[in-house]
Amino acid sequence: MNESVIKTLTVSFVICLVCSLVVSFAAVGLRDIQIENKLNDQRIKILQAGKIYNPEMDVKTQFDGLEVKFINFKTGKLTSEFNNLSLDTYDQILATKDTDLSSKVPQDKDIAIIKNRENIGKVYIIRDSLGEISKLILPIRGFGLWGTMYGYISLENDFNTVAGIEFYQHKETPGLGAEVDNPKWKALWPGKQIYQNNEVVLKVIKGKAESDDSMYAYKVDGLSGATLTSRGVSNMIEYWFSESGYSTMLKELDYES
Ligand SMILES: Cc1cc2nc3c(=O)[nH]c(=O)nc-3n(C[C@H](O)[C@H](O)[C@H](O)COP(=O)(O)O)c2cc1C
């Protein structure tokens, strides 16, 4: 009896050990693939926000065709180099966890509830055949109802008209706030205007924007049953297009063109 208990325990232990080893090796072995897949998903969202994603083509090849620049949020300047940071590997979200690379957003300015803003961000540029900027793709993020929503918005070359919007990570509820991913809702964005007289006016409203409304270009239909997520999207637009975000950079680009 005793012997059979020991045997049973030994067999269970060996099975557990073997299984745990298999799971750990799989987890470690697949980690790089998972990281690469996650990166690829994000690259697809960047390309989709810029309305240039071609599912028939290799993602990395398409992504490598984009020009990437650092943005110094303190000065609004775009640069190809910043200290020892690499444009390929620099992760601006990770930078928000490092007090040397980020700044605490003062409470009265933290409309998107991001708490820390990276000092250096990244922007993606699409150029036309003459080398002029045709679109800019800008990272945005802000709190929804359940957590931070991370995405990209792209602008046409007037640096005011929206070309597209995409979210690559959020915790909103499927069927409610997660409708930020609904292609029909995302299709409402192209053509909308961010600024009117230098003020950020674009908002996700409650209900439906009417095309005969004189402010139609500044209004996106609300997500039904998800007023709080909708407000979160409005807040992130307001924050990232303010002076804490991209407005200084956009004004300087505007003066150049
Ligand atoms: C389980 C559950 C999940 C919800 N998820 C969301 C959500 O993801 N986004 C959101 O804005 N509201 C969500 N809500 C609803 C909010 O609590 C709130 O009622 C809603 O934002 C009000 O929107 P309305 O004025 O359009 O009805 C959820 C409610 C429940 C009960």
# chains A, B, ... in the order shown; residues from 1 in each chain; ligands from 1
>>> residues_near_ligand(ligand="ligand 1", cutoff="8 Å", atoms="only C-alpha atoms and all ligand atoms", output="PyMOL selection string")
chain A and resi 144-146+171-178+206+222-231
>>> residues_around(residues="region 186-191 of chain A", least_positions_apart="3", cutoff="8 Å", atoms="only C-alpha atoms", output="list in words")
Thr161, Val162, Ala163, Gly164, Ile165, Glu166, Val180, Asp181, Asn182, Pro183, Ala217, Val220 and Asp221 of chain A
>>> residues_around(residues="Tyr150 (chain A)", least_positions_apart="5", cutoff="9 Å", atoms="only C-alpha atoms", output="count of residues only")
10
>>> residues_around(residues="Met249 (chain A)", least_positions_apart="6", cutoff="8 Å", atoms="only C-alpha atoms", output="ChimeraX atom specification")
/A:71,75-78
>>> residues_around(residues="region 42-58 of chain A", least_positions_apart="3", cutoff="8 Å", atoms="only C-alpha atoms", output="ChimeraX atom specification")
/A:38-39,61-63,126,135-137,151-155,163-168
>>> write_last_selection(atoms="C-alpha atoms", output="PDB file, in the first residue's frame")
ATOM      1  CA  LYS A  38       3.260  41.814 -31.305  1.00  0.00           C
ATOM      2  CA  LEU A  39       5.610  44.227 -33.073  1.00  0.00           C
ATOM      3  CA  THR A  61       9.118  45.567 -45.869  1.00  0.00           C
ATOM      4  CA  GLN A  62       6.176  47.990 -45.947  1.00  0.00           C
ATOM      5  CA  PHE A  63       6.989  49.318 -42.510  1.00  0.00           C
ATOM      6  CA  ILE A 126       4.877  59.134 -45.590  1.00  0.00           C
ATOM      7  CA  LYS A 135       0.909  62.064 -44.285  1.00  0.00           C
ATOM      8  CA  LEU A 136       2.079  61.976 -40.687  1.00  0.00           C
ATOM      9  CA  ILE A 137       1.269  59.058 -38.396  1.00  0.00           C
ATOM     10  CA  GLY A 151      -3.302  53.892 -30.977  1.00  0.00           C
ATOM     11  CA  TYR A 152      -2.196  55.955 -33.939  1.00  0.00           C
ATOM     12  CA  ILE A 153      -3.819  58.812 -35.802  1.00  0.00           C
ATOM     13  CA  SER A 154      -2.673  59.982 -39.186  1.00  0.00           C
ATOM     14  CA  LEU A 155      -2.961  63.449 -40.670  1.00  0.00           C
ATOM     15  CA  ALA A 163      -6.504  60.485 -42.633  1.00  0.00           C
ATOM     16  CA  GLY A 164      -7.124  57.532 -40.306  1.00  0.00           C
ATOM     17  CA  ILE A 165      -7.177  56.213 -36.747  1.00  0.00           C
ATOM     18  CA  GLU A 166      -6.343  52.785 -35.283  1.00  0.00           C
ATOM     19  CA  PHE A 167      -6.018  51.284 -31.811  1.00  0.00           C
ATOM     20  CA  TYR A 168      -3.604  48.424 -31.142  1.00  0.00           C
TER      21      TYR A 168
END
>>> residues_around(residues="Asp100 (chain A)", least_positions_apart="5", cutoff="10 Å", atoms="only C-alpha atoms", output="ChimeraX atom specification")
/A:95,118-119
>>> select_by_dssp(residues="region 3-189 of chain A", states="strand (DSSP E)", output="MDAnalysis selection string")
chainID A and resid 67:72 77:79 102:104 116:118 120:127 133:143 148:156 162:169
>>> residues_around(residues="Thr248 (chain A)", least_positions_apart="5", cutoff="12 Å", atoms="only C-alpha atoms", output="list in words")
Ile71, Asn72, Phe73, Lys74, Thr75, Gly76, Lys77, Leu78, Phe159, Asn198, Trp240, Phe241, Ser242, Glu243, Leu253, Asp254 and Tyr255 of chain A
>>> atom_distance(atom1="CA of Asn116 (chain A)", atom2="CA of Leu101 (chain A)")
9.8 Å
